[in-house]
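Only one structure is covered here, and it is reproduced in the block below.
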Amino acid sequence: MQKISLLLAVTLFTASCGSDSSSDGNSEGSTYTQATDETPTTTEAPVTTEAPVTTEAPVTTEASAEDESSEEGRDEMIVFTSNRDGDAEIFVMNADGTGVRQLTYNDDFEVEPSWSPDRTQITFRSNRDGDFEIFVMNADGTGVRQLTYNDDHDEHPTWSPDGNEIVFVSDYYSEIFVMNADGTGVRQLTYNDDYDGHPTWSPDGTQIAFTSYRDGDAEIFVMNADGTEVRQLTDYDYFDGYPTWSPDGNQIAFTRDCCSVGTKSGSGIFVMNVDGTEVRQLTTGSVWRGYEPTWSPDGTQIAFEDHSFGCCSILIMNADGTDVYSTGQEGEELDWGG
Ligand SMILES: [Ca+2]
Ligand SMILES: [Ca+2]
Ligand SMILES: [Ca+2]
Ligand SMILES: [Ca+2]
């Protein structure tokens, strides 16, 4: 019963991220400038050439310099989820919003993508086999492999910094597990009746930060990568979640429920030291509903999804919260790989 109520709470929180798009689903009032006026370019789709990459801009089939240098340029690409073709698919783009490429094409949910450290592969979750499982594919969308096979809801896969393991969430009680990157050697790290999720590795691979409802509402915790020495970092009466380490290992960015406007609940991007001290709010002003931060590879910027003016604008700001700009792309569940 506890599990059900917690899942409901998580579901409601998640649903609240996009549920108001009908009432405020326009960009009027947005103060952000477009990063570029260039038309997003694409390469040929790996699975089919029929599906449009975006409905917002004309697709060009002309090969560009960006496409030719995509192998090197991948270091800076953001992988994300979008519903722009009607159901959830995985895309990549350059950080300025150009070079959008669709990687998955099917009627099921493909969500929560995460780069391998060398950026040759992407892990994600999909319900293409009936219930949610963890998958891996090559960075161009080819070579999809299923890693988990069970009746539980598997989610939130994230690659270890050495590339050897993937941490993910599974089990009736939403526990955190680690497996080898080929799906073998599954080990359970958490054991309690409350929701544990959003696991993310420290850059040195020794620790895992995660969200847990074990103290009654969502807080951010850290544990050693073997599940020992759990420490609570936040203690705040509302939601704290989606932690992600800065590339230098000194800070953790996260989502905190805050910043409500009238009767509408809001949230913002916050950052704290890895011991939980010095919590600072990064998003302010017109961004009153930001979620799920991800660091740039060099640690100087943070990308996040903004629901302030409807569902899911991808925004980028400096790591101190200044100079917010819009990539001009719609999407969620970003991973910049930092
Ligand atoms: Ca799909
Ligand atoms: Ca499953
Ligand atoms: Ca649990
Ligand atoms: Ca909390």
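Naming scheme: A, B, ... for chains in displayed order of the structure tokens; residues 1 onward per chain; ligands 1 onward as shown.
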Please identify every residue of chain A that has at least one atom no farther than 9 Å from an atom of ligand 3, counting only C-alpha atoms and all ligand atoms, and for each give the shortest atom pair and the distance in Å to one decimal, arranged by chain then increasing number, as JSON lines.
```
{"residue": "A:Lys3", "atom": "CA", "partner": "ligand 3", "partner_atom_place_in_ligand_line": "1 (Ca)", "distance": 8.6}
{"residue": "A:Asp171", "atom": "CA", "partner": "ligand 3", "partner_atom_place_in_ligand_line": "1 (Ca)", "distance": 8.2}
{"residue": "A:Tyr172", "atom": "CA", "partner": "ligand 3", "partner_atom_place_in_ligand_line": "1 (Ca)", "distance": 8.2}
{"residue": "A:Tyr173", "atom": "CA", "partner": "ligand 3", "partner_atom_place_in_ligand_line": "1 (Ca)", "distance": 4.6}
{"residue": "A:Ser174", "atom": "CA", "partner": "ligand 3", "partner_atom_place_in_ligand_line": "1 (Ca)", "distance": 4.6}
{"residue": "A:Glu175", "atom": "CA", "partner": "ligand 3", "partner_atom_place_in_ligand_line": "1 (Ca)", "distance": 4.3}
{"residue": "A:Ile176", "atom": "CA", "partner": "ligand 3", "partner_atom_place_in_ligand_line": "1 (Ca)", "distance": 7.4}
{"residue": "A:Thr190", "atom": "CA", "partner": "ligand 3", "partner_atom_place_in_ligand_line": "1 (Ca)", "distance": 6.2}
{"residue": "A:Tyr191", "atom": "CA", "partner": "ligand 3", "partner_atom_place_in_ligand_line": "1 (Ca)", "distance": 5.6}
{"residue": "A:Asn192", "atom": "CA", "partner": "ligand 3", "partner_atom_place_in_ligand_line": "1 (Ca)", "distance": 4.3}
{"residue": "A:Asp193", "atom": "CA", "partner": "ligand 3", "partner_atom_place_in_ligand_line": "1 (Ca)", "distance": 4.8}
{"residue": "A:Asp194", "atom": "CA", "partner": "ligand 3", "partner_atom_place_in_ligand_line": "1 (Ca)", "distance": 4.3}
{"residue": "A:Tyr195", "atom": "CA", "partner": "ligand 3", "partner_atom_place_in_ligand_line": "1 (Ca)", "distance": 4.5}
{"residue": "A:Asp196", "atom": "CA", "partner": "ligand 3", "partner_atom_place_in_ligand_line": "1 (Ca)", "distance": 4.7}
{"residue": "A:Gly197", "atom": "CA", "partner": "ligand 3", "partner_atom_place_in_ligand_line": "1 (Ca)", "distance": 8.1}
{"residue": "A:Ser212", "atom": "CA", "partner": "ligand 3", "partner_atom_place_in_ligand_line": "1 (Ca)", "distance": 7.6}
{"residue": "A:Tyr213", "atom": "CA", "partner": "ligand 3", "partner_atom_place_in_ligand_line": "1 (Ca)", "distance": 8.3}
{"residue": "A:Arg214", "atom": "CA", "partner": "ligand 3", "partner_atom_place_in_ligand_line": "1 (Ca)", "distance": 7.8}
```
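Residues surrounding Val186 in chain A within 12 Å are Leu147, Thr148, Tyr149, Glu165, Ile166, Val167, Phe168, Val169, Ser170, Ile176, Phe177, Val178, Met179, Asn180, Ala181, Asp182 and Asp226 of chain A [only C-alpha atoms; sequence separation below 4 positions excluded].
Nearest to ligand 2 of all the residues A:Pro199, A:Gly99, A:Gly130, A:Pro247 is A:Gly130, based on only C-alpha atoms and all ligand atoms.
Residue nearest Asp275 in chain A, chosen from A:Phe309, A:Phe221, A:Phe109, A:Tyr291 and counting only C-alpha atoms: A:Phe221.
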**OP:** In Å, rounded to a single decimal, give me how far CA of Phe91 in chain A is from CA of Glu292 in chain A.
**Re:** 16.6 Å
**OP:** Show which residues sit within 12 Å of Asn138 in chain A, as a ChimeraX atom specification. Count only C-alpha atoms, and ignore same-chain residues fewer than 6 positions away.
**Re:** /A:46,103-104,113-116,118-124,144-145
**OP:** Show which residues sit within 8 Å of Met93 in chain A, as an MDAnalysis selection string. Count only C-alpha atoms, and ignore same-chain residues fewer than 4 positions away.
**Re:** chainID A and resid 77:79 97:101
Could I get the residues of chain A with an atom no further than 9 Å from an atom of ligand 1, each paired with its nearest atom pair and that distance in Å to one decimal, using only C-alpha atoms and all ligand atoms, sorted by chain and residue number, as JSON lines?
```
{"residue": "A:Asn83", "atom": "CA", "partner": "ligand 1", "partner_atom_place_in_ligand_line": "1 (Ca)", "distance": 8.2}
{"residue": "A:Asp85", "atom": "CA", "partner": "ligand 1", "partner_atom_place_in_ligand_line": "1 (Ca)", "distance": 8.4}
{"residue": "A:Gly86", "atom": "CA", "partner": "ligand 1", "partner_atom_place_in_ligand_line": "1 (Ca)", "distance": 8.2}
{"residue": "A:Asp87", "atom": "CA", "partner": "ligand 1", "partner_atom_place_in_ligand_line": "1 (Ca)", "distance": 5.2}
{"residue": "A:Ala88", "atom": "CA", "partner": "ligand 1", "partner_atom_place_in_ligand_line": "1 (Ca)", "distance": 4.6}
{"residue": "A:Glu89", "atom": "CA", "partner": "ligand 1", "partner_atom_place_in_ligand_line": "1 (Ca)", "distance": 4.5}
{"residue": "A:Ile90", "atom": "CA", "partner": "ligand 1", "partner_atom_place_in_ligand_line": "1 (Ca)", "distance": 7.8}
{"residue": "A:Thr104", "atom": "CA", "partner": "ligand 1", "partner_atom_place_in_ligand_line": "1 (Ca)", "distance": 6.4}
{"residue": "A:Tyr105", "atom": "CA", "partner": "ligand 1", "partner_atom_place_in_ligand_line": "1 (Ca)", "distance": 5.5}
{"residue": "A:Asn106", "atom": "CA", "partner": "ligand 1", "partner_atom_place_in_ligand_line": "1 (Ca)", "distance": 4.2}
{"residue": "A:Asp107", "atom": "CA", "partner": "ligand 1", "partner_atom_place_in_ligand_line": "1 (Ca)", "distance": 4.5}
{"residue": "A:Asp108", "atom": "CA", "partner": "ligand 1", "partner_atom_place_in_ligand_line": "1 (Ca)", "distance": 4.2}
{"residue": "A:Phe109", "atom": "CA", "partner": "ligand 1", "partner_atom_place_in_ligand_line": "1 (Ca)", "distance": 4.5}
{"residue": "A:Glu110", "atom": "CA", "partner": "ligand 1", "partner_atom_place_in_ligand_line": "1 (Ca)", "distance": 5.1}
{"residue": "A:Val111", "atom": "CA", "partner": "ligand 1", "partner_atom_place_in_ligand_line": "1 (Ca)", "distance": 8.4}
{"residue": "A:Ser126", "atom": "CA", "partner": "ligand 1", "partner_atom_place_in_ligand_line": "1 (Ca)", "distance": 8.1}
{"residue": "A:Arg128", "atom": "CA", "partner": "ligand 1", "partner_atom_place_in_ligand_line": "1 (Ca)", "distance": 8.4}
```
For those residues, write C-alpha atoms to a file as a short mmCIF file (atom, residue, chain, number, x, y, z; two decimals), in the first residue's frame.
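And here is the file that came out, part.cif:
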```
data_model
loop_
_atom_site.label_atom_id
_atom_site.label_comp_id
_atom_site.auth_asym_id
_atom_site.auth_seq_id
_atom_site.Cartn_x
_atom_site.Cartn_y
_atom_site.Cartn_z
CA ASN A 83 6.96 13.20 -28.31
CA ASP A 85 6.19 12.41 -33.73
CA GLY A 86 3.27 11.33 -31.54
CA ASP A 87 4.92 8.96 -29.10
CA ALA A 88 8.15 9.05 -27.17
CA GLU A 89 11.31 8.68 -29.24
CA ILE A 90 14.98 9.37 -28.61
CA THR A 104 14.23 5.43 -32.56
CA TYR A 105 11.11 4.82 -34.63
CA ASN A 106 8.28 2.75 -33.22
CA ASP A 107 4.92 3.06 -31.50
CA ASP A 108 6.19 2.28 -28.01
CA PHE A 109 7.83 4.50 -25.40
CA GLU A 110 11.55 5.06 -25.78
CA VAL A 111 12.61 7.24 -22.85
CA SER A 126 11.36 1.00 -23.54
CA ARG A 128 8.53 -2.46 -26.68
#
```
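CA of Ser160 in chain A lies 21.3 Å from CA of Gln301 in chain A.
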**OP:** Using only C-alpha atoms and all ligand atoms, find each residue with an atom at most 10 Å away from ligand 4 and format the answer as a PyMOL selection string.
**Re:** chain A and resi 211-213+215-220+233-241+256-257
**OP:** Show me which residues sit within 9 Å of ligand 2 when counting only C-alpha atoms and all ligand atoms, and put them as a list in words.
**Re:** Asn127, Asp129, Gly130, Asp131, Phe132, Glu133, Ile134, Thr148, Tyr149, Asn150, Asp151, Asp152, His153, Asp154, Glu155, Ser170 and Asp171 of chain A
Saved selection, atoms kept: C-alpha atoms, as a PDB file, in the first residue's frame:
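Result written to selection36.pdb:
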```
ATOM      1  CA  ASN A 127       8.133  -0.944 -23.212  1.00  0.00           C
ATOM      2  CA  ASP A 129       8.410  -5.969 -25.175  1.00  0.00           C
ATOM      3  CA  GLY A 130       5.318  -5.306 -23.037  1.00  0.00           C
ATOM      4  CA  ASP A 131       6.673  -3.931 -19.802  1.00  0.00           C
ATOM      5  CA  PHE A 132       9.548  -1.540 -19.347  1.00  0.00           C
ATOM      6  CA  GLU A 133      13.025  -2.990 -19.850  1.00  0.00           C
ATOM      7  CA  ILE A 134      16.505  -1.503 -20.172  1.00  0.00           C
ATOM      8  CA  THR A 148      16.738  -6.807 -18.743  1.00  0.00           C
ATOM      9  CA  TYR A 149      14.006  -9.448 -18.933  1.00  0.00           C
ATOM     10  CA  ASN A 150      11.581  -9.345 -16.026  1.00  0.00           C
ATOM     11  CA  ASP A 151       7.993  -8.463 -15.174  1.00  0.00           C
ATOM     12  CA  ASP A 152       8.880  -5.385 -13.120  1.00  0.00           C
ATOM     13  CA  HIS A 153       9.098  -1.806 -14.246  1.00  0.00           C
ATOM     14  CA  ASP A 154      12.759  -1.144 -15.123  1.00  0.00           C
ATOM     15  CA  GLU A 155      13.772   2.496 -15.455  1.00  0.00           C
ATOM     16  CA  SER A 170      13.542  -2.067 -10.789  1.00  0.00           C
ATOM     17  CA  ASP A 171      11.489  -4.215  -8.415  1.00  0.00           C
TER      18      ASP A 171
END
```
What's the 12 Å shell around Val274 in chain A, counting only C-alpha atoms, without same-chain residues fewer than 6 positions away, as a PDB file with N, CA and C atoms, in the first residue's frame?
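Ended up saving to result21.pdb:
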```pdb
ATOM      1  N   SER A 202      28.870   9.257  -9.340  1.00  0.00           N
ATOM      2  CA  SER A 202      29.872  10.318  -9.213  1.00  0.00           C
ATOM      3  C   SER A 202      30.889  10.126 -10.333  1.00  0.00           C
ATOM      4  N   PRO A 203      31.566  11.206 -10.744  1.00  0.00           N
ATOM      5  CA  PRO A 203      32.501  11.086 -11.871  1.00  0.00           C
ATOM      6  C   PRO A 203      33.616  10.074 -11.632  1.00  0.00           C
ATOM      7  N   GLN A 207      30.624   6.544  -6.011  1.00  0.00           N
ATOM      8  CA  GLN A 207      29.378   6.810  -5.307  1.00  0.00           C
ATOM      9  C   GLN A 207      28.208   6.950  -6.281  1.00  0.00           C
ATOM     10  N   ILE A 208      27.028   6.771  -5.743  1.00  0.00           N
ATOM     11  CA  ILE A 208      25.800   6.920  -6.530  1.00  0.00           C
ATOM     12  C   ILE A 208      24.849   7.822  -5.747  1.00  0.00           C
ATOM     13  N   ALA A 209      24.432   8.910  -6.368  1.00  0.00           N
ATOM     14  CA  ALA A 209      23.398   9.766  -5.783  1.00  0.00           C
ATOM     15  C   ALA A 209      22.047   9.297  -6.308  1.00  0.00           C
ATOM     16  N   ILE A 220      17.348  13.775  -1.598  1.00  0.00           N
ATOM     17  CA  ILE A 220      18.500  13.248  -2.319  1.00  0.00           C
ATOM     18  C   ILE A 220      19.457  12.584  -1.337  1.00  0.00           C
ATOM     19  N   PHE A 221      19.866  11.395  -1.690  1.00  0.00           N
ATOM     20  CA  PHE A 221      20.790  10.590  -0.889  1.00  0.00           C
ATOM     21  C   PHE A 221      22.016  10.245  -1.729  1.00  0.00           C
ATOM     22  N   VAL A 222      23.074   9.847  -1.050  1.00  0.00           N
ATOM     23  CA  VAL A 222      24.273   9.331  -1.715  1.00  0.00           C
ATOM     24  C   VAL A 222      24.669   8.042  -1.007  1.00  0.00           C
ATOM     25  N   MET A 223      25.147   7.077  -1.772  1.00  0.00           N
ATOM     26  CA  MET A 223      25.675   5.843  -1.167  1.00  0.00           C
ATOM     27  C   MET A 223      26.936   5.441  -1.921  1.00  0.00           C
ATOM     28  N   ARG A 231      23.986   8.203   2.871  1.00  0.00           N
ATOM     29  CA  ARG A 231      23.926   9.507   3.545  1.00  0.00           C
ATOM     30  C   ARG A 231      22.824  10.350   2.914  1.00  0.00           C
ATOM     31  N   GLN A 232      22.042  11.029   3.743  1.00  0.00           N
ATOM     32  CA  GLN A 232      20.979  11.917   3.251  1.00  0.00           C
ATOM     33  C   GLN A 232      21.542  13.323   3.047  1.00  0.00           C
ATOM     34  N   LEU A 233      21.350  13.889   1.860  1.00  0.00           N
ATOM     35  CA  LEU A 233      21.919  15.207   1.566  1.00  0.00           C
ATOM     36  C   LEU A 233      20.930  16.347   1.749  1.00  0.00           C
ATOM     37  N   THR A 234      19.656  16.124   1.392  1.00  0.00           N
ATOM     38  CA  THR A 234      18.668  17.199   1.518  1.00  0.00           C
ATOM     39  C   THR A 234      17.651  16.857   2.592  1.00  0.00           C
ATOM     40  N   PRO A 243      19.101  14.042  -9.043  1.00  0.00           N
ATOM     41  CA  PRO A 243      20.451  14.573  -8.814  1.00  0.00           C
ATOM     42  C   PRO A 243      21.387  14.247  -9.983  1.00  0.00           C
ATOM     43  N   THR A 244      22.371  15.109 -10.212  1.00  0.00           N
ATOM     44  CA  THR A 244      23.390  14.829 -11.218  1.00  0.00           C
ATOM     45  C   THR A 244      24.676  15.543 -10.836  1.00  0.00           C
ATOM     46  N   TRP A 245      25.788  14.817 -10.864  1.00  0.00           N
ATOM     47  CA  TRP A 245      27.074  15.330 -10.393  1.00  0.00           C
ATOM     48  C   TRP A 245      27.707  16.249 -11.428  1.00  0.00           C
ATOM     49  N   SER A 246      28.355  17.285 -10.959  1.00  0.00           N
ATOM     50  CA  SER A 246      29.154  18.105 -11.875  1.00  0.00           C
ATOM     51  C   SER A 246      30.367  17.282 -12.312  1.00  0.00           C
ATOM     52  N   ASP A 248      33.443  17.856 -12.306  1.00  0.00           N
ATOM     53  CA  ASP A 248      34.586  17.881 -11.390  1.00  0.00           C
ATOM     54  C   ASP A 248      34.290  17.172 -10.070  1.00  0.00           C
ATOM     55  N   GLY A 249      33.065  16.674  -9.917  1.00  0.00           N
ATOM     56  CA  GLY A 249      32.715  15.898  -8.733  1.00  0.00           C
ATOM     57  C   GLY A 249      32.440  16.727  -7.492  1.00  0.00           C
ATOM     58  N   ASN A 250      32.428  18.048  -7.606  1.00  0.00           N
ATOM     59  CA  ASN A 250      32.293  18.895  -6.417  1.00  0.00           C
ATOM     60  C   ASN A 250      30.868  19.312  -6.090  1.00  0.00           C
ATOM     61  N   GLN A 251      29.966  19.237  -7.081  1.00  0.00           N
ATOM     62  CA  GLN A 251      28.608  19.715  -6.856  1.00  0.00           C
ATOM     63  C   GLN A 251      27.586  18.722  -7.405  1.00  0.00           C
ATOM     64  N   ILE A 252      26.369  18.845  -6.902  1.00  0.00           N
ATOM     65  CA  ILE A 252      25.256  18.056  -7.420  1.00  0.00           C
ATOM     66  C   ILE A 252      24.138  19.029  -7.784  1.00  0.00           C
ATOM     67  N   ALA A 253      23.709  18.991  -9.020  1.00  0.00           N
ATOM     68  CA  ALA A 253      22.546  19.758  -9.456  1.00  0.00           C
ATOM     69  C   ALA A 253      21.321  18.867  -9.301  1.00  0.00           C
ATOM     70  N   PHE A 254      20.165  19.479  -9.025  1.00  0.00           N
ATOM     71  CA  PHE A 254      18.960  18.684  -8.814  1.00  0.00           C
ATOM     72  C   PHE A 254      17.710  19.529  -9.031  1.00  0.00           C
TER      73      PHE A 254
END
```
Original post:
For Thr294 in chain A, which residue among A:Gly262, A:Leu334, A:Phe270, A:Cys311 is the nearest when counting only C-alpha atoms?
Top reply: A:Leu334
**OP:** From the DSSP assignment of the backbone, select every residue of range 195-272 of chain A that is strand (DSSP E or B), and format the answer as an MDAnalysis selection string.
**Re:** chainID A and resid 196:201 207:212 219:224 231:232 240:245 251:261 264:272
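Of the listed residues A:Gly310, A:Ser296, A:Leu282, A:Thr263, the one whose atoms come nearest to Asp323 in chain A is A:Leu282, with distances taken using only C-alpha atoms.
Note that DSSP on the backbone gives alpha helix (DSSP H) to these residues of range 32-242 of chain A: Ala65, Glu66, Asp67, Glu68, Ser70, Glu71, Glu72 and Gly73 of chain A.
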